[in-house]
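Below: one structure, written as structure tokens.
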Amino acid sequence: MTITQLNYVLAIAEHQNFTKAAQKCFVTQPTLSTQIQKLEDELDVQIFDRSKKPIELTDVGRKIVQQARNIVDESDRIQDIVDQQKGFIGGEFRIGIIPTVMPTLLPMFLKSFIRKFPKVKLKIEELTTDEIITRITDGHLDAAIAATPLEQDHIKERVLYFEPFVGYIPNDHRLKNKKKIDVSDLDINDMLLLEDGHCFRDGVINLCKAFKSQEDDQFQLESGSIETLVKLSNEGLGMTLLPYLNTLDLNEKMAAQLHHFNEPSPAREVSIIYHKNELKLQIINALHDVISGIIRGAIAFQNVDIISPLSKK
């Protein structure tokens with residue numbers, strides 16, 4: 001049994017197709033098929049049910065895949081140990097970023113980071129918080145940037161910055177004449193929210209300490225886009241709350257619709273998170289230093305009240 005064979009098993013389990021798995025592993029299909037057959041002969045079991053289309057795992061195959069993933073992940077960590085010992089900052093690094101952070105934060109730090117650490121190969125994915133937790137737990141992500149705290153015992157959190165919420169209020173709204181707003185001014189029933197699954201939505205709901213009733217709504221919004229919320233607000237369909245960094249690129253007319261909160265401003269905590277057993281700490285430290293250094297010049301707010309991103313169900 002070899003690590004290479006286990007990698008082939010994982011590729012087939014992922015793609016449910018020998019041809020696609022061979023392409024991912026950069027080998028010919030006959031080579032991959034031969035190695036899988038050798039492994040099955042050695043174990044005297046059938047890992048894959050080839051009669052099914054797409055290919056399916058057998059019952060014992062599912063157990064083998066689970067263990068193979070653990071073995072492959074642990075074997076990769078040997079190189080991580082060596083890199084950490086040498087202080088080498090390079091190699092592939094898989095990072096997830098939540099959708100309400102990706103568009104604003106990534107352009108701020110990515111160019112600086114890759115210029116400073118050219119040997120690091122970042123693989124960046126936009127993922128929801130739930131997807132991030134699952135992938136970190138399964139070993140498919142090295143780290144992520146998300147709103148915290150998440151209250152996960154196996155995940156460590158290092159705060160990058162605190163990002164205040166800002167009200168975006170149309171001219172026909174009841175709060176339009178208030179220069180600064182209070183949390184007590186908010187009414188969840190006249191507020192535009194992101195779709196379920198977004199931690200920023202949960203943060204807004206927690207801030208208002210209520211759930212939006214849709215019984216009398218003339219429409220129901222299912223959007224993952226903050227830009228969509230702003231456009232609907234401009235049409236007079238309600239106010240919304242924006243993360244502070246999303247307000248920096250608004251034009252002069254739209255910026256006039258912004259209303260900051262009286263202090264302490266409600267805010268979200270944004271952190272770089274990773275598994276407590278993660279070994280690529282030199283890259284995590286590098287990301288933390290670059291991002292926190294850049295963000296200090298963009299967010300000067302200090303007196304904030306952190307709102308939980310966790311759904312209160």
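Numbering starts fresh at 1 for the residues of each chain in the structure tokens, the chains themselves are lettered A, B, ... in the order given, and ligands are numbered from 1 as they appear.
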*For region 62-65 of chain A, work out the shell of residues within 8 Å, counting only C-alpha atoms and skipping chain neighbours fewer than 2 positions away, then give it as JSON, numbers by chain.*
{"A": [9, 10, 13, 47, 57, 58, 59, 60, 67, 68, 69]}
Within 10 Å of region 244-261 of chain A, which residues of region 80-134 of chain A show up? Give each one with its shortest atom-to-atom distance in Å (one decimal) and the two atoms involved, counting only C-alpha atoms, rows by chain then rising residue number, as a tab-separated table.
```
residue	atom	partner	partner_atom	distance
A:Thr100	CA	A:Asn246	CA	8.7
A:Val101	CA	A:Leu245	CA	8.6
A:Pro103	CA	A:Asn246	CA	8.4
A:Thr104	CA	A:Leu245	CA	6.2
A:Leu105	CA	A:Leu245	CA	7.8
```
*Based on DSSP run over this structure's backbone, return all residues of region 113-250 of chain A in strand (DSSP E or B), as an NGL selection string.*
:A and (120-126 or 143-148 or 155-168 or 180-181 or 191 or 239-243)
*What's the 9 Å shell around Arg94 (chain A), counting only C-alpha atoms, without same-chain residues fewer than 2 positions away, as a PyMOL selection string?*
chain A and resi 92+96+121-125+140-144
*With distances taken over only C-alpha atoms, which of A:Ala286, A:Val183, A:Ile97, A:Ala11 is nearest to Phe26 (chain A)?*
A:Ala11
*Would you please work out which residue, of A:Val290, A:Ile133, A:Ile169, A:Leu160, is nearest to Asn234 (chain A) when using only C-alpha atoms?*
A:Ile169
_With distances taken over only C-alpha atoms, which residue among A:Ser308, A:Leu192, A:Tyr8, A:Asp73 lies nearest Phe48 (chain A)?_
A:Tyr8
Using DSSP secondary structure from the backbone, list all helix (DSSP H, G or I) positions within region 55-118 of chain A, as a PDB file with C-alpha atoms, in the first residue's frame.
```
ATOM      1  CA  ASP A  59     -19.615   0.044   2.207  1.00  0.00           C
ATOM      2  CA  VAL A  60     -16.061  -0.900   3.098  1.00  0.00           C
ATOM      3  CA  GLY A  61     -14.822   1.570   0.458  1.00  0.00           C
ATOM      4  CA  ARG A  62     -16.390   4.451   2.370  1.00  0.00           C
ATOM      5  CA  LYS A  63     -14.496   3.457   5.498  1.00  0.00           C
ATOM      6  CA  ILE A  64     -11.267   3.095   3.523  1.00  0.00           C
ATOM      7  CA  VAL A  65     -11.687   6.562   1.971  1.00  0.00           C
ATOM      8  CA  GLN A  66     -12.176   8.121   5.397  1.00  0.00           C
ATOM      9  CA  GLN A  67      -8.981   6.536   6.698  1.00  0.00           C
ATOM     10  CA  ALA A  68      -7.092   7.254   3.455  1.00  0.00           C
ATOM     11  CA  ARG A  69      -7.913  10.944   3.830  1.00  0.00           C
ATOM     12  CA  ASN A  70      -6.482  10.948   7.346  1.00  0.00           C
ATOM     13  CA  ILE A  71      -3.310   9.179   6.202  1.00  0.00           C
ATOM     14  CA  VAL A  72      -2.736  11.477   3.210  1.00  0.00           C
ATOM     15  CA  ASP A  73      -3.343  14.599   5.302  1.00  0.00           C
ATOM     16  CA  GLU A  74      -0.904  13.409   7.951  1.00  0.00           C
ATOM     17  CA  SER A  75       1.726  12.550   5.334  1.00  0.00           C
ATOM     18  CA  ASP A  76       1.457  16.088   3.926  1.00  0.00           C
ATOM     19  CA  ARG A  77       2.118  17.437   7.391  1.00  0.00           C
ATOM     20  CA  ILE A  78       5.653  15.990   7.342  1.00  0.00           C
ATOM     21  CA  GLN A  79       6.626  18.640   4.799  1.00  0.00           C
ATOM     22  CA  ASP A  80       4.832  21.263   6.912  1.00  0.00           C
ATOM     23  CA  ILE A  81       6.977  20.257   9.904  1.00  0.00           C
ATOM     24  CA  VAL A  82      10.152  20.625   7.853  1.00  0.00           C
ATOM     25  CA  ASP A  83       9.068  24.008   6.444  1.00  0.00           C
ATOM     26  CA  GLN A  84       8.202  25.295   9.899  1.00  0.00           C
ATOM     27  CA  GLN A  85      11.545  24.150  11.301  1.00  0.00           C
ATOM     28  CA  LYS A  86      13.420  25.922   8.502  1.00  0.00           C
ATOM     29  CA  MET A 102     -13.965  38.699   0.090  1.00  0.00           C
ATOM     30  CA  PRO A 103     -14.844  41.665  -2.239  1.00  0.00           C
ATOM     31  CA  THR A 104     -13.551  44.361   0.107  1.00  0.00           C
ATOM     32  CA  LEU A 105     -10.621  42.767   1.932  1.00  0.00           C
ATOM     33  CA  LEU A 106      -8.995  40.660  -0.802  1.00  0.00           C
ATOM     34  CA  PRO A 107      -8.103  43.601  -3.114  1.00  0.00           C
ATOM     35  CA  MET A 108      -6.606  45.408  -0.131  1.00  0.00           C
ATOM     36  CA  PHE A 109      -4.026  42.792   0.821  1.00  0.00           C
ATOM     37  CA  LEU A 110      -3.529  40.243  -1.993  1.00  0.00           C
ATOM     38  CA  LYS A 111      -1.072  42.198  -4.142  1.00  0.00           C
ATOM     39  CA  SER A 112       1.045  43.168  -1.139  1.00  0.00           C
ATOM     40  CA  PHE A 113       1.090  39.626   0.188  1.00  0.00           C
ATOM     41  CA  ILE A 114       2.146  37.914  -3.046  1.00  0.00           C
ATOM     42  CA  ARG A 115       4.829  40.541  -3.611  1.00  0.00           C
ATOM     43  CA  LYS A 116       6.206  40.032  -0.097  1.00  0.00           C
TER      44      LYS A 116
END
```
_Which residue is closest to Lys180 (chain A)? Choose from A:Asn262, A:Gln152, A:Ser225, A:Ser233 and count only C-alpha atoms._
A:Asn262
